[in-house]
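Participant: Just protein-v9.csv, nothing more (CSV, C-alpha atoms and all ligand atoms):
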chain,number,residue,atom,x,y,z
A,1,MET,CA,63.6,138.0,271.1
A,2,LYS,CA,64.8,141.5,271.7
A,3,ASN,CA,66.8,140.4,274.8
A,4,PHE,CA,68.1,137.4,272.9
A,5,ILE,CA,69.4,139.7,270.1
A,6,ASN,CA,70.9,142.2,272.6
A,7,ASN,CA,72.7,139.6,274.7
A,8,ILE,CA,73.9,137.1,272.1
A,9,PRO,CA,77.7,137.4,271.6
A,10,LYS,CA,78.6,138.6,268.1
A,11,ALA,CA,81.2,140.1,265.9
A,12,GLU,CA,80.8,143.1,263.6
A,13,LEU,CA,82.7,142.7,260.2
A,14,HIS,CA,81.5,145.7,258.2
A,15,LEU,CA,81.9,149.1,259.9
A,16,HIS,CA,83.4,152.3,258.7
A,17,ILE,CA,84.8,154.3,261.6
A,18,GLU,CA,83.9,157.6,259.9
A,19,GLY,CA,80.3,156.3,259.7
A,20,THR,CA,80.0,156.1,263.5
A,21,PHE,CA,80.3,159.8,263.8
A,22,GLU,CA,77.3,160.7,265.9
A,23,PRO,CA,76.0,164.4,265.5
A,24,GLU,CA,76.6,165.1,269.2
A,25,LEU,CA,80.3,164.1,269.0
A,26,MET,CA,80.6,165.9,265.7
A,27,PHE,CA,79.4,169.2,267.3
A,28,GLU,CA,81.8,168.7,270.2
A,29,ILE,CA,84.9,168.1,268.1
A,30,ALA,CA,83.9,170.9,265.6
A,31,LYS,CA,83.7,173.3,268.6
A,32,ARG,CA,87.0,172.4,270.1
A,33,ASN,CA,88.7,172.5,266.7
A,34,GLN,CA,86.9,175.8,265.9
A,35,ILE,CA,85.6,174.5,262.7
A,36,GLU,CA,82.3,175.7,261.2
A,37,ILE,CA,79.8,173.0,260.2
A,38,PRO,CA,76.9,173.9,257.9
A,39,PHE,CA,74.3,172.8,260.6
A,40,SER,CA,73.1,174.7,263.6
A,41,SER,CA,71.7,171.9,265.6
A,42,ILE,CA,71.8,168.1,266.1
A,43,GLU,CA,68.2,167.9,264.8
A,44,GLU,CA,69.3,169.7,261.6
A,45,ILE,CA,72.1,167.3,261.1
A,46,LYS,CA,69.7,164.3,261.5
A,47,ALA,CA,67.2,165.8,259.1
A,48,ALA,CA,69.9,166.0,256.5
A,49,TYR,CA,70.3,162.2,256.7
A,50,GLU,CA,67.9,161.3,253.9
A,51,PHE,CA,69.5,159.6,251.0
A,52,ASP,CA,68.4,158.6,247.5
A,53,CYS,CA,71.6,156.6,246.7
A,54,LEU,CA,75.1,155.8,247.8
A,55,GLN,CA,76.6,159.0,246.4
A,56,ASP,CA,74.1,161.2,248.2
A,57,PHE,CA,75.2,159.7,251.5
A,58,LEU,CA,78.9,159.8,250.6
A,59,ASP,CA,78.8,163.6,250.0
A,60,ILE,CA,77.5,164.2,253.6
A,61,TYR,CA,79.8,161.5,255.1
A,62,TYR,CA,83.0,163.0,253.7
A,63,GLN,CA,81.8,166.5,254.9
A,64,GLY,CA,81.3,165.2,258.4
A,65,ALA,CA,84.8,163.8,258.5
A,66,ASN,CA,86.3,167.3,257.9
A,67,VAL,CA,86.1,168.1,261.6
A,68,LEU,CA,88.5,165.3,262.5
A,69,ILE,CA,91.9,166.9,262.8
A,70,LYS,CA,93.9,165.7,265.8
A,71,GLU,CA,94.9,162.3,267.1
A,72,LYS,CA,92.5,162.7,270.0
A,73,ASP,CA,89.6,163.3,267.6
A,74,PHE,CA,90.3,159.9,266.0
A,75,TYR,CA,90.7,158.4,269.4
A,76,ASP,CA,87.4,159.8,270.7
A,77,LEU,CA,85.5,158.7,267.6
A,78,THR,CA,86.8,155.2,267.8
A,79,TYR,CA,86.5,154.7,271.6
A,80,SER,CA,82.9,156.0,271.5
A,81,TYR,CA,82.1,153.3,268.9
A,82,LEU,CA,83.8,150.6,270.9
A,83,GLU,CA,81.8,151.6,274.0
A,84,LYS,CA,78.7,150.9,272.0
A,85,CYS,CA,80.1,147.5,271.0
A,86,ALA,CA,80.6,146.6,274.6
A,87,VAL,CA,77.0,147.3,275.6
A,88,GLN,CA,75.7,145.4,272.6
A,89,ASN,CA,77.7,142.3,273.3
A,90,VAL,CA,79.9,142.8,270.2
A,91,ARG,CA,83.0,140.8,271.3
A,92,HIS,CA,85.1,141.6,268.3
A,93,THR,CA,84.9,144.2,265.5
A,94,GLU,CA,86.8,144.7,262.2
A,95,ILE,CA,87.0,148.4,261.6
A,96,MET,CA,87.4,150.0,258.2
A,97,PHE,CA,89.0,153.4,258.0
A,98,ASP,CA,89.5,155.6,254.9
A,99,PRO,CA,93.0,157.2,255.2
A,100,GLN,CA,92.5,159.2,252.0
A,101,THR,CA,89.5,161.1,253.4
A,102,HIS,CA,92.0,162.6,255.9
A,103,THR,CA,95.4,162.6,254.2
A,104,ASP,CA,93.8,164.6,251.2
A,105,ARG,CA,92.9,167.3,253.8
A,106,GLY,CA,96.5,167.5,255.1
A,107,ILE,CA,96.1,165.2,258.1
A,108,SER,CA,99.0,162.8,258.4
A,109,PHE,CA,98.5,159.0,258.2
A,110,GLU,CA,100.2,158.7,261.5
A,111,THR,CA,97.7,161.0,263.3
A,112,VAL,CA,94.8,159.0,261.9
A,113,ILE,CA,96.1,155.5,262.7
A,114,LEU,CA,97.6,156.3,266.1
A,115,GLY,CA,94.3,157.9,267.3
A,116,ILE,CA,92.3,154.9,266.1
A,117,SER,CA,94.6,152.2,267.2
A,118,ASN,CA,95.2,153.6,270.6
A,119,ALA,CA,91.5,153.6,271.2
A,120,MET,CA,91.4,150.0,270.0
A,121,LYS,CA,94.1,149.0,272.5
A,122,ASP,CA,92.4,150.7,275.4
A,123,ALA,CA,89.0,149.2,274.5
A,124,LYS,CA,90.6,145.7,274.5
A,125,GLU,CA,91.9,146.4,278.0
A,126,ASN,CA,89.0,148.3,279.5
A,127,LEU,CA,85.9,146.9,277.7
A,128,ASN,CA,87.1,143.5,276.6
A,129,VAL,CA,86.2,144.3,272.9
A,130,SER,CA,88.9,143.1,270.5
A,131,SER,CA,89.3,144.7,267.1
A,132,LEU,CA,91.4,144.9,264.0
A,133,LEU,CA,91.9,147.4,261.2
A,134,ILE,CA,90.9,147.3,257.5
A,135,MET,CA,92.5,150.1,255.5
A,136,SER,CA,90.1,151.0,252.7
A,137,TYR,CA,91.1,152.5,249.4
A,138,LEU,CA,88.6,155.1,248.0
A,139,ARG,CA,87.5,153.7,244.6
A,140,HIS,CA,86.5,157.1,243.2
A,141,LEU,CA,90.2,158.1,243.3
A,142,SER,CA,92.9,156.7,241.1
A,143,GLU,CA,94.9,153.5,241.6
A,144,ALA,CA,98.0,155.7,241.8
A,145,ALA,CA,96.5,157.5,244.8
A,146,ALA,CA,95.8,154.1,246.4
A,147,PHE,CA,99.4,153.1,245.9
A,148,LYS,CA,100.5,156.3,247.8
A,149,THR,CA,98.2,155.2,250.6
A,150,LEU,CA,99.7,151.7,250.6
A,151,GLU,CA,103.2,153.3,250.8
A,152,ALA,CA,102.1,155.6,253.7
A,153,SER,CA,100.8,152.6,255.6
A,154,LEU,CA,104.0,150.6,255.6
A,155,PRO,CA,105.5,152.1,258.8
A,156,PHE,CA,102.3,151.1,260.5
A,157,LYS,CA,101.9,147.7,258.9
A,158,HIS,CA,101.8,146.0,262.3
A,159,LEU,CA,98.6,147.8,263.1
A,160,ILE,CA,96.7,146.9,259.9
A,161,THR,CA,95.3,143.4,259.0
A,162,ALA,CA,93.5,143.9,255.7
A,163,VAL,CA,92.7,146.3,252.8
A,164,GLY,CA,89.3,147.2,251.6
A,165,LEU,CA,87.7,149.1,248.7
A,166,ASP,CA,84.8,151.5,249.3
A,167,SER,CA,83.2,154.7,248.2
A,168,SER,CA,81.3,155.2,244.8
A,169,GLU,CA,81.0,151.8,243.3
A,170,LYS,CA,79.3,152.4,239.9
A,171,GLY,CA,81.9,153.3,237.3
A,172,ASN,CA,84.8,152.2,239.5
A,173,PRO,CA,85.1,148.5,239.1
A,174,PRO,CA,87.4,146.3,241.2
A,175,SER,CA,89.7,145.8,238.1
A,176,LYS,CA,90.7,149.4,238.4
A,177,PHE,CA,92.6,148.4,241.6
A,178,LYS,CA,94.1,145.1,240.4
A,179,ASN,CA,97.8,146.2,240.8
A,180,VAL,CA,97.4,147.9,244.2
A,181,PHE,CA,95.6,144.9,245.6
A,182,LYS,CA,98.4,142.6,244.3
A,183,ALA,CA,100.9,144.8,246.0
A,184,SER,CA,98.9,145.0,249.2
A,185,ILE,CA,98.7,141.2,249.3
A,186,GLN,CA,102.5,141.1,248.9
A,187,GLU,CA,102.8,143.3,251.9
A,188,GLY,CA,100.7,140.8,253.9
A,189,TYR,CA,97.4,142.6,253.9
A,190,ILE,CA,94.3,140.4,253.5
A,191,PRO,CA,92.2,141.6,250.5
A,192,LEU,CA,88.5,142.6,251.0
A,193,ALA,CA,86.2,144.9,249.0
A,194,HIS,CA,82.7,146.3,248.7
A,195,ALA,CA,81.1,144.7,245.7
A,196,GLY,CA,77.5,144.3,244.5
A,197,GLU,CA,76.0,147.1,246.7
A,198,GLU,CA,75.0,149.3,243.7
A,199,GLY,CA,77.3,147.6,241.2
A,200,ASN,CA,76.1,144.5,239.3
A,201,ALA,CA,77.2,140.9,239.6
A,202,ASP,CA,80.1,141.5,237.2
A,203,TYR,CA,81.7,143.7,239.9
A,204,VAL,CA,81.5,140.8,242.4
A,205,TRP,CA,83.1,138.5,239.8
A,206,GLU,CA,85.9,141.0,239.4
A,207,ALA,CA,86.4,141.4,243.1
A,208,ILE,CA,86.7,137.6,243.7
A,209,ASP,CA,88.6,136.7,240.5
A,210,ILE,CA,90.8,139.7,239.9
A,211,LEU,CA,91.3,141.1,243.4
A,212,GLY,CA,91.1,137.7,245.1
A,213,ILE,CA,89.0,139.0,248.0
A,214,LYS,CA,88.4,136.8,251.1
A,215,ARG,CA,85.1,138.3,252.1
A,216,ILE,CA,82.5,140.3,250.2
A,217,ASP,CA,81.2,143.6,251.7
A,218,HIS,CA,77.4,143.7,250.9
A,219,GLY,CA,77.3,141.4,247.8
A,220,ASN,CA,73.5,141.9,247.4
A,221,ASN,CA,73.6,141.9,243.6
A,222,SER,CA,75.4,138.5,243.5
A,223,LEU,CA,71.9,137.1,243.5
A,224,GLN,CA,71.5,138.4,239.9
A,225,ASP,CA,73.8,135.5,238.7
A,226,PRO,CA,73.2,131.9,239.9
A,227,LYS,CA,76.7,130.9,238.7
A,228,LEU,CA,78.2,133.6,240.9
A,229,VAL,CA,76.2,132.4,243.9
A,230,GLU,CA,77.5,128.9,243.2
A,231,ALA,CA,81.1,130.2,243.0
A,232,ILE,CA,80.8,132.2,246.3
A,233,VAL,CA,79.4,129.2,248.1
A,234,SER,CA,82.0,126.8,246.8
A,235,ARG,CA,84.9,129.2,247.6
A,236,ASP,CA,83.4,129.7,251.1
A,237,LEU,CA,83.3,133.5,251.0
A,238,ALA,CA,81.1,135.3,253.4
A,239,LEU,CA,78.9,138.3,252.7
A,240,THR,CA,78.9,141.2,255.2
A,241,VAL,CA,75.3,142.3,254.8
A,242,CYS,CA,74.0,145.7,256.2
A,243,PRO,CA,70.2,145.8,256.4
A,244,LEU,CA,69.6,149.4,257.5
A,245,SER,CA,72.2,150.7,255.2
A,246,ASN,CA,70.5,148.9,252.3
A,247,THR,CA,67.2,150.6,253.0
A,248,ALA,CA,68.7,154.0,253.8
A,249,LEU,CA,70.6,154.0,250.5
A,250,GLN,CA,67.6,152.5,248.6
A,251,VAL,CA,69.5,149.4,247.6
A,252,VAL,CA,66.5,147.6,249.0
A,253,ASP,CA,63.1,149.3,248.9
A,254,ASP,CA,61.7,147.7,252.1
A,255,LEU,CA,63.3,145.4,254.7
A,256,LYS,CA,60.5,142.9,254.0
A,257,ASN,CA,62.0,142.5,250.5
A,258,HIS,CA,65.6,142.2,251.8
A,259,PRO,CA,67.4,139.2,250.3
A,260,LEU,CA,69.1,138.1,253.6
A,261,LYS,CA,66.9,135.0,254.2
A,262,GLU,CA,67.1,134.0,250.5
A,263,MET,CA,70.9,134.4,250.7
A,264,MET,CA,71.0,132.0,253.7
A,265,GLU,CA,68.8,129.5,251.9
A,266,LEU,CA,71.1,129.5,249.0
A,267,GLY,CA,73.9,128.5,251.3
A,268,LEU,CA,75.7,131.8,251.4
A,269,LYS,CA,77.5,132.7,254.6
A,270,VAL,CA,75.8,135.9,255.7
A,271,THR,CA,76.7,138.2,258.6
A,272,VAL,CA,74.7,141.2,259.9
A,273,ASN,CA,76.5,144.6,260.3
A,274,SER,CA,75.8,148.3,260.7
A,275,ASP,CA,78.0,149.9,258.0
A,276,ASP,CA,77.7,153.5,259.0
A,277,PRO,CA,75.4,153.4,262.1
A,278,ALA,CA,75.4,157.2,262.8
A,279,TYR,CA,73.9,157.8,259.3
A,280,PHE,CA,71.6,154.8,258.8
A,281,GLY,CA,69.5,154.9,261.9
A,282,GLY,CA,71.0,152.1,264.0
A,283,GLN,CA,73.8,150.2,265.6
A,284,ILE,CA,74.3,146.5,265.0
A,285,ASN,CA,71.6,145.2,267.4
A,286,LYS,CA,69.1,147.5,265.7
A,287,ASN,CA,70.1,145.9,262.4
A,288,PHE,CA,69.5,142.5,263.9
A,289,SER,CA,66.1,143.4,265.4
A,290,ALA,CA,64.9,145.2,262.2
A,291,ILE,CA,65.8,142.3,259.9
A,292,GLN,CA,64.5,139.7,262.4
A,293,ASN,CA,61.2,141.5,262.6
A,294,ALA,CA,60.9,142.1,258.8
A,295,LEU,CA,61.8,138.5,257.8
A,296,THR,CA,60.6,136.7,261.0
A,297,LEU,CA,64.0,135.1,261.6
A,298,SER,CA,64.1,132.4,264.3
A,299,LYS,CA,66.5,132.3,267.2
A,300,GLU,CA,68.3,129.6,265.3
A,301,GLU,CA,68.8,131.8,262.3
A,302,ILE,CA,70.1,134.7,264.6
A,303,TYR,CA,72.5,132.2,266.2
A,304,GLN,CA,73.7,131.1,262.7
A,305,LEU,CA,74.3,134.7,261.7
A,306,CYS,CA,76.4,135.3,264.9
A,307,LYS,CA,78.2,132.0,264.3
A,308,ASN,CA,79.1,133.2,260.8
A,309,SER,CA,80.4,136.5,262.3
A,310,PHE,CA,83.1,134.7,264.3
A,311,GLU,CA,83.8,132.0,261.8
A,312,TYR,CA,84.4,134.5,258.9
A,313,SER,CA,86.2,137.0,261.0
A,314,LEU,CA,89.9,137.5,260.5
A,315,LEU,CA,90.7,136.2,264.0
A,316,ASP,CA,93.1,133.4,264.6
A,317,LYS,CA,91.7,129.8,265.1
A,318,ASP,CA,92.0,129.9,268.9
A,319,SER,CA,90.2,133.2,269.3
A,320,LYS,CA,87.5,132.0,267.0
A,321,GLU,CA,87.0,128.8,269.0
A,322,LYS,CA,86.9,130.8,272.3
A,323,HIS,CA,84.1,133.0,270.9
A,324,LEU,CA,82.2,130.1,269.3
A,325,THR,CA,82.2,128.2,272.6
A,326,GLU,CA,80.8,131.2,274.4
A,327,LEU,CA,78.2,131.8,271.7
A,328,THR,CA,77.0,128.1,271.6
A,329,SER,CA,76.7,128.0,275.3
A,330,PHE,CA,74.6,131.2,275.2
A,331,TYR,CA,72.4,129.7,272.6
A,332,ASN,CA,71.9,126.4,274.4
A,333,THR,CA,70.7,128.2,277.5
A,334,ASN,CA,68.6,130.8,275.8
A,335,ARG,CA,67.0,129.0,272.8
A,401,LIG,N1,81.8,154.2,252.7
A,401,LIG,C1,81.1,154.2,253.8
A,401,LIG,N2,80.0,153.4,253.7
A,401,LIG,C2,80.0,152.9,252.4
A,401,LIG,C3,79.1,152.1,251.7
A,401,LIG,N3,78.0,151.6,252.3
A,401,LIG,N4,79.4,151.8,250.5
A,401,LIG,C4,80.5,152.3,249.9
A,401,LIG,N5,81.4,153.0,250.5
A,401,LIG,C5,81.1,153.4,251.8
A,402,ZN,ZN,80.4,149.8,253.8
Translate this file's structure into structure tokens.

Facilitator:
Amino acid sequence: MKNFINNIPKAELHLHIEGTFEPELMFEIAKRNQIEIPFSSIEEIKAAYEFDCLQDFLDIYYQGANVLIKEKDFYDLTYSYLEKCAVQNVRHTEIMFDPQTHTDRGISFETVILGISNAMKDAKENLNVSSLLIMSYLRHLSEAAAFKTLEASLPFKHLITAVGLDSSEKGNPPSKFKNVFKASIQEGYIPLAHAGEEGNADYVWEAIDILGIKRIDHGNNSLQDPKLVEAIVSRDLALTVCPLSNTALQVVDDLKNHPLKEMMELGLKVTVNSDDPAYFGGQINKNFSAIQNALTLSKEEIYQLCKNSFEYSLLDKDSKEKHLTELTSFYNTNR
């Protein structure tokens, strides 16, 4: 089963580039930028990665991002993640980035996006991993601040496919961003959002009805409301589920109690993703192995999850078909 999981072609649809920042690289970049970090060793950093809730994690995650200053820093961060994709048979990935985490520290939007997107271009060429970008608005900040970010993104519109909504969910409902999502859609960005991670089912309703999102990041708490589940199924919206993130942030107490299988049985289109792999103890294949083991998922279920990852990606029809053909051929020879 382990080999099957490692080798099956897959796409990752929920990944924050700032959340891929491994302690080793963080030290290296901090050193070359001559920035002090409040840890003296890699072990000390890892020991700090114990979280009680989303906010606990976000405080450390934003602090880690402080050492990213130059275009090369963003390039190295992104390329390092894409190398991990290649060895895990991730053929395609949809990368979220949080511009405000950097622009609020005086780093230009251009520095951030050129570093990330040049690494994406090189990885396509050198590693055969395709990727696209989701610009995420920080929901603990104001809608006016999100509008400024939208404005700053426009010269680089050709590099961005979608907009997302992340950071502290509770107290920051999707409706707070109604106008900026409307404007983002008018600019041609596809709307996505985190919803129902810590927030309740009403937040998911708002995200689908008010923001008009095309895919739900996490979505766990949708199960609180059978009518909502029905709506998600009938509108054919996928959920980007992140098992190790859910246990690390205590959204789920134990992987054995994770709702992923129940979601699948309810007809929801589920995908498996790593969210912030450097912080939550594992890349995408570790997420697959852990949830497979906890819920005794069959090869057929793993295949279905990977199929969903391509079908509900933002790729064009031809690319989806190409990946699905490779996936099905892998499954038929390894089932
Ligand atoms: N930013 C990075 N990871 C996140 C998560 N799991 N939820 C909300 N915001 C995030
Ligand atoms: Zn996330």

Participant: Could you give me, as JSON lines, every chain A residue with an atom at most 7 Å from ligand ZN 402 (chain A), plus its closest atom pair and distance in Å to one decimal, counting only C-alpha atoms and all ligand atoms, rows ordered by chain then number?

Facilitator:
{"residue": "A:His14", "atom": "CA", "partner": "A:ZN402", "partner_atom": "ZN", "distance": 6.1}
{"residue": "A:Leu15", "atom": "CA", "partner": "A:ZN402", "partner_atom": "ZN", "distance": 6.3}
{"residue": "A:His16", "atom": "CA", "partner": "A:ZN402", "partner_atom": "ZN", "distance": 6.3}
{"residue": "A:Asp166", "atom": "CA", "partner": "A:ZN402", "partner_atom": "ZN", "distance": 6.5}
{"residue": "A:His194", "atom": "CA", "partner": "A:ZN402", "partner_atom": "ZN", "distance": 6.6}
{"residue": "A:Asp217", "atom": "CA", "partner": "A:ZN402", "partner_atom": "ZN", "distance": 6.6}
{"residue": "A:Asp275", "atom": "CA", "partner": "A:ZN402", "partner_atom": "ZN", "distance": 4.8}
{"residue": "A:Asp276", "atom": "CA", "partner": "A:ZN402", "partner_atom": "ZN", "distance": 6.9}

Participant: Grab the residues selected above and save them as a compact mmCIF listing (two decimals), in the frame of the given file with C-alpha atoms.

Facilitator:
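The resulting result.txt:
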# COMPACT_ATOMS: atom_id res chain seq x y z
CA HIS A 14 81.50 145.70 258.20
CA LEU A 15 81.90 149.10 259.90
CA HIS A 16 83.40 152.30 258.70
CA ASP A 166 84.80 151.50 249.30
CA HIS A 194 82.70 146.30 248.70
CA ASP A 217 81.20 143.60 251.70
CA ASP A 275 78.00 149.90 258.00
CA ASP A 276 77.70 153.50 259.00

Participant: Please determine, counting only C-alpha atoms and all ligand atoms, which residue among A:Met26, A:Ile8, A:Ile69, A:Cys242 has the shortest atom-to-atom distance to ligand LIG 401 (chain A).

Facilitator: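 For ligand LIG 401 (chain A), the nearest of the candidates is A:Cys242.
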
Participant: For Ile190 in chain A, work out the shell of residues within 10 Å, counting all atoms listed in the file and skipping chain neighbours fewer than 2 positions away, then give it as a PyMOL selection string.

Facilitator: chain A and resi 134+160-164+181+184-188+192+212-215+314

Participant: Step by step, measure atom-to-atom distances between ligand LIG 401 (chain A) and each residue using all atoms listed in the file, keep those at most 9 Å, then write them as a PyMOL selection string.

Facilitator: chain A and resi 15-19+54-55+57-58+61-62+96-98+136+138-139+165-169+194-195+197-198+217-218+242+245-246+249+275-276

Participant: Excluding Phe74 in chain A and its own-chain neighbours fewer than 2 positions away, which residues fall within 12 Å of it when counting only C-alpha atoms? Please give them as number ranges by chain.

Facilitator: A: 17-18, 20-21, 25-26, 29, 65-72, 76-81, 97-99, 102, 107-120

Participant: If we count only C-alpha atoms, what is near range 287-299 of chain A at a cut-off of 9 Å, once residues fewer than 3 positions away on the same chain are taken out, given as a ChimeraX atom specification?

Facilitator: /A:1-2,4-6,242-245,254-258,260-261,272-274,282-284,302-304,331,334-335

Participant: As a count of residues only, please: the residues near Phe27 in chain A (cut-off 9 Å, all atoms listed in the file, same-chain neighbours under 2 positions excluded).

Facilitator: 12

Participant: From the list A:Ala144, A:Leu315, A:Leu159, A:Ala183, which residue is nearest Lys121 in chain A when using all atoms listed in the file?

Facilitator: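 That would be A:Leu159, the residue with the smallest distance to Lys121 in chain A.
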